[in-house]
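Below is one structure, written out as structure tokens; comments come after it.
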Amino acid sequence: MSSTRIAAFLLLAGLMGLPALPVGADDWPQWRGPDRSGVSKETGLLKEWPKGGPPLAWKTAGLGTGFATPSISNGRVYLLGGRKDNTEEYLIALNEKDGKEIWSTKIGRVGANRGQQYPAPRSTPAADGDRIYALSSDGDLVCVEAADGKLIWHKHLEKDFGGRRGNWAYAESPLIDGDVLVCTPGGSKATMVALNKKTGDVIWTASVPEGNEAAYSSIVMAQAGGTKQYVNFLSGSLVGISAKDGKLLWSYPKTANRIANIPTPLSGDGYVFSASGGGRGGGGGGLIQLVPEGQGIVPKEVFFSDRLGSHIGGFIRVGDYLYGTDNTQLKCVDYKTGEVKWQDRSVGKGSLTAAEGLLYVRGERGTVALVEATPAGYRERGRFDQPDRNPRYPAWPYPVIANGKLYLRDYDILLCYDIKAK
């Protein structure tokens, strides 16, 4: 990435209130990429895949259990894995070139899971310069040295903050915003917290009175009326918290699902789009405008539809359109109106990311498709069936793009594909 592109990104991040993590080239240093949009700025990638898919650069097995996506920074790949018969969670560093393990650090145990399904780590580490931040499914929040995994500080979301996990334990990926780390313990005492990223000391705690159990989404930043805020799903509502002091600014319950709120919201230009499962549990997808009113912020609904729910894979925005999966289909939706432009079975229920106007869509049964991001219709540019699929567990980890490579996590293995155009 040129110095001009880096400067432009940092300026845009500042204007939009997005986290500007130190990144090299086209790294993917945290959940859903540098700006948490799920859209890569990388160029020079394959526009069409050969039969059987792009070439496999390397595969690493034995990572341990997990549904967590990797982060990529400064030549290393970071991810979580459940080891010791899936009782302990480890933060693992791999070499980006060949996938070989460099170090691993135990950060906690695999979290108690009231849902009794899929116990395993599912959080994505945040790489920030010479430090890595990670959250175990049991609530262990750690900061370690990137060089060797040595522990710098540790907090526990329940023991230290009175947090309240969801049925399927903790799944959030922590956010680094300048010198601040933000995450969501849940519960009434410290529903969301801001910590000094260097020491772990508390800067503020935010209290949300009702529906405050932690969900499975991750925080994004938003701006409205000059007020920076942290936006995330709780069990009962989407909420906006003042970045300055932790004050609850607004709440929007309509897109919340009574069972599990999972997809990360999208923010930009004073708007927030959110979606959860829809169907029997309620929820759906909707766009709100954050309107300054008096001394506060009001979430003005632009549109809502229970047809726009998303269970696991969420939505991304490319231009003026949203793309995302529900329980059966991939959809293209007008960002301004909520109108569904097209829908297609594609690879079924899954997750996605995007780069250079193309969608990388991964079905939970292992099929991966390259699809044009266009409202004109469903246009596929290639697909392949992921090898070495674990038949016991869905392929839920989102696809990741970094430095000309496509990464696919499948429980205890990580596949790295070369998608750079030659």
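Starting from 1 in every chain, residues are counted up; chains themselves are A, B, ... following the order of the structure tokens, and ligands are numbered from 1 as listed.
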Can you list, as a list in words, every protein, DNA or RNA residue that comes within 10 Å of A:Tyr216 when you count only C-alpha atoms, leaving out same-chain residues fewer than 6 positions away?
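So the residues in contact are Arg122, Ser123, Arg165, Gly166, Asn167, Trp168, Ala169, Tyr170, Ala171, Glu172, Ser173, Thr184, Asn232, Phe233, Leu234, Ser235, Ala260, Asn261, Ile262, Pro263, Thr264 and Ile312 of chain A.
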So which bits of stretch 168-353 of chain A end up strand (DSSP E or B) when you DSSP the backbone, as a ChimeraX atom specification?
/A:175-177,180-183,192-196,202-206,214,220-224,227-234,238-242,248-252,266-268,271-275,285-293,296-305,313,315-318,321-325,330-334,340-344,350-353
Give me the residues near A:Tyr417 as a JSON list (two decimals) with C-alpha atoms, in the first residue's frame, where near means some atom within 9 Å (using only C-alpha atoms) and where sequence neighbours in that chain fewer than 3 positions away do not count.
[["chain", "number", "residue", "atom", "x", "y", "z"],
["A", 53, "GLY", "CA", -10.92, -23.06, -7.56],
["A", 54, "PRO", "CA", -7.72, -21.04, -7.00],
["A", 55, "PRO", "CA", -4.50, -22.88, -6.13],
["A", 56, "LEU", "CA", -3.96, -23.92, -2.52],
["A", 57, "ALA", "CA", -0.84, -22.21, -1.14],
["A", 58, "TRP", "CA", -0.74, -24.10, 2.15],
["A", 59, "LYS", "CA", -2.81, -25.92, 4.74],
["A", 404, "GLY", "CA", -3.27, -11.82, -2.29],
["A", 405, "LYS", "CA", -4.48, -14.80, -0.26],
["A", 406, "LEU", "CA", -7.89, -16.18, 0.69],
["A", 407, "TYR", "CA", -8.12, -17.82, 4.12],
["A", 408, "LEU", "CA", -10.75, -20.39, 5.10]]
Near A:Val347, counting only C-alpha atoms, which residues have an atom at most 12 Å away, once you skip same-chain residues fewer than 3 positions from it, shown as a PyMOL selection string?
chain A and resi 324-331+343-344+350-352+360-371+378+380+382-386+395
Would you export the selected residues with N, CA, C and O atoms as a CSV table (one decimal), in the first residue's frame, please?
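Wrote out24.csv, looks like this:
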chain,number,residue,atom,x,y,z
A,324,GLY,N,-25.9,-10.2,1.3
A,324,GLY,CA,-25.8,-11.0,2.5
A,324,GLY,C,-26.7,-12.2,2.4
A,324,GLY,O,-27.4,-12.4,1.4
A,325,THR,N,-26.5,-13.1,3.3
A,325,THR,CA,-27.2,-14.4,3.2
A,325,THR,C,-28.2,-14.6,4.4
A,325,THR,O,-28.0,-14.1,5.5
A,326,ASP,N,-29.4,-15.1,4.1
A,326,ASP,CA,-30.3,-15.6,5.1
A,326,ASP,C,-30.1,-17.1,5.3
A,326,ASP,O,-29.0,-17.6,5.1
A,327,ASN,N,-31.1,-17.8,5.7
A,327,ASN,CA,-31.0,-19.2,6.0
A,327,ASN,C,-30.9,-20.1,4.7
A,327,ASN,O,-30.5,-21.2,4.8
A,328,THR,N,-31.2,-19.5,3.6
A,328,THR,CA,-31.2,-20.3,2.3
A,328,THR,C,-30.5,-19.6,1.1
A,328,THR,O,-30.1,-20.3,0.2
A,329,GLN,N,-30.5,-18.2,1.1
A,329,GLN,CA,-30.2,-17.6,-0.1
A,329,GLN,C,-29.2,-16.4,0.1
A,329,GLN,O,-29.2,-15.8,1.1
A,330,LEU,N,-28.5,-16.0,-1.0
A,330,LEU,CA,-27.8,-14.8,-1.1
A,330,LEU,C,-28.7,-13.7,-1.7
A,330,LEU,O,-29.4,-14.0,-2.7
A,331,LYS,N,-28.6,-12.5,-1.1
A,331,LYS,CA,-29.5,-11.4,-1.6
A,331,LYS,C,-28.7,-10.2,-1.9
A,331,LYS,O,-27.7,-9.9,-1.3
A,343,GLN,N,-32.3,-12.4,-5.5
A,343,GLN,CA,-31.9,-13.5,-4.5
A,343,GLN,C,-31.6,-14.8,-5.3
A,343,GLN,O,-32.3,-15.0,-6.3
A,344,ASP,N,-30.7,-15.5,-4.8
A,344,ASP,CA,-30.3,-16.7,-5.5
A,344,ASP,C,-29.8,-17.7,-4.4
A,344,ASP,O,-29.2,-17.4,-3.4
A,350,GLY,N,-24.6,-19.0,4.5
A,350,GLY,CA,-23.2,-18.9,4.6
A,350,GLY,C,-22.8,-17.5,5.0
A,350,GLY,O,-23.5,-16.7,5.6
A,351,SER,N,-21.5,-17.2,4.7
A,351,SER,CA,-20.9,-15.9,5.1
A,351,SER,C,-20.2,-15.3,3.9
A,351,SER,O,-19.9,-16.1,2.9
A,352,LEU,N,-19.7,-14.1,3.9
A,352,LEU,CA,-19.1,-13.5,2.8
A,352,LEU,C,-18.2,-12.3,3.1
A,352,LEU,O,-18.3,-11.7,4.2
A,360,TYR,N,-16.9,-13.0,-2.2
A,360,TYR,CA,-16.4,-14.3,-1.8
A,360,TYR,C,-17.4,-14.9,-0.8
A,360,TYR,O,-17.4,-14.6,0.3
A,361,VAL,N,-18.2,-15.9,-1.3
A,361,VAL,CA,-19.3,-16.4,-0.6
A,361,VAL,C,-19.0,-17.8,-0.2
A,361,VAL,O,-18.8,-18.7,-1.0
A,362,ARG,N,-19.1,-18.1,1.2
A,362,ARG,CA,-18.8,-19.4,1.7
A,362,ARG,C,-20.0,-20.0,2.3
A,362,ARG,O,-20.5,-19.5,3.3
A,363,GLY,N,-20.4,-21.1,1.7
A,363,GLY,CA,-21.6,-21.9,2.3
A,363,GLY,C,-21.1,-22.7,3.5
A,363,GLY,O,-20.0,-23.1,3.7
A,364,GLU,N,-22.1,-22.9,4.5
A,364,GLU,CA,-21.7,-23.6,5.7
A,364,GLU,C,-21.4,-25.0,5.5
A,364,GLU,O,-20.9,-25.7,6.4
A,365,ARG,N,-21.7,-25.6,4.3
A,365,ARG,CA,-21.3,-26.9,4.0
A,365,ARG,C,-20.0,-27.0,3.2
A,365,ARG,O,-19.6,-28.1,2.7
A,366,GLY,N,-19.3,-25.9,3.0
A,366,GLY,CA,-18.0,-25.9,2.4
A,366,GLY,C,-17.9,-25.5,1.0
A,366,GLY,O,-16.7,-25.4,0.5
A,367,THR,N,-18.9,-25.2,0.3
A,367,THR,CA,-18.8,-24.7,-1.1
A,367,THR,C,-18.5,-23.2,-1.1
A,367,THR,O,-19.1,-22.4,-0.3
A,368,VAL,N,-17.6,-22.8,-1.9
A,368,VAL,CA,-17.2,-21.4,-2.0
A,368,VAL,C,-17.4,-20.8,-3.4
A,368,VAL,O,-17.0,-21.5,-4.4
A,369,ALA,N,-18.0,-19.7,-3.5
A,369,ALA,CA,-18.3,-19.1,-4.8
A,369,ALA,C,-17.8,-17.7,-5.0
A,369,ALA,O,-17.7,-17.0,-4.0
A,370,LEU,N,-17.4,-17.3,-6.2
A,370,LEU,CA,-17.0,-16.0,-6.5
A,370,LEU,C,-18.1,-15.4,-7.3
A,370,LEU,O,-18.5,-15.9,-8.4
A,371,VAL,N,-18.7,-14.3,-6.8
A,371,VAL,CA,-19.9,-13.7,-7.4
A,371,VAL,C,-19.7,-12.2,-7.6
A,371,VAL,O,-19.2,-11.5,-6.8
A,378,TYR,N,-27.6,-12.3,-10.4
A,378,TYR,CA,-26.6,-13.2,-9.8
A,378,TYR,C,-25.7,-13.7,-11.0
A,378,TYR,O,-26.2,-14.3,-11.9
A,380,GLU,N,-22.1,-15.6,-11.4
A,380,GLU,CA,-21.0,-16.4,-10.7
A,380,GLU,C,-19.7,-16.4,-11.6
A,380,GLU,O,-19.8,-16.6,-12.8
A,382,GLY,N,-17.0,-18.4,-10.6
A,382,GLY,CA,-16.3,-19.6,-10.3
A,382,GLY,C,-16.7,-20.2,-8.9
A,382,GLY,O,-17.3,-19.4,-8.1
A,383,ARG,N,-16.5,-21.4,-8.7
A,383,ARG,CA,-16.8,-22.0,-7.4
A,383,ARG,C,-16.0,-23.3,-7.2
A,383,ARG,O,-15.5,-23.9,-8.1
A,384,PHE,N,-15.8,-23.7,-5.9
A,384,PHE,CA,-15.2,-25.0,-5.6
A,384,PHE,C,-15.7,-25.5,-4.3
A,384,PHE,O,-16.2,-24.7,-3.5
A,385,ASP,N,-15.5,-26.8,-4.1
A,385,ASP,CA,-15.9,-27.4,-2.8
A,385,ASP,C,-14.6,-27.5,-2.0
A,385,ASP,O,-13.6,-28.2,-2.4
A,386,GLN,N,-14.6,-26.9,-0.8
A,386,GLN,CA,-13.5,-26.9,0.1
A,386,GLN,C,-13.1,-28.4,0.4
A,386,GLN,O,-13.9,-29.2,0.8
A,395,ALA,N,-19.3,-24.9,8.4
A,395,ALA,CA,-18.1,-24.1,8.1
A,395,ALA,C,-18.6,-22.6,8.3
A,395,ALA,O,-18.8,-21.9,7.3
Atom CA of A:Ala61 to atom CA of A:Gly111, distance in Å rounded to a single decimal
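Atom CA of A:Ala61 sits 22.6 Å away from atom CA of A:Gly111.
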Computed interatomic separation between atom CA of A:Ser267 and atom CA of A:Gly129 (Å):
25.0 Å
Using only C-alpha atoms, which of A:Phe303, A:Phe315, A:Tyr323, A:Tyr90 sits nearest A:Gly377?
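Ranked by minimum distance to A:Gly377, first place goes to A:Tyr323.
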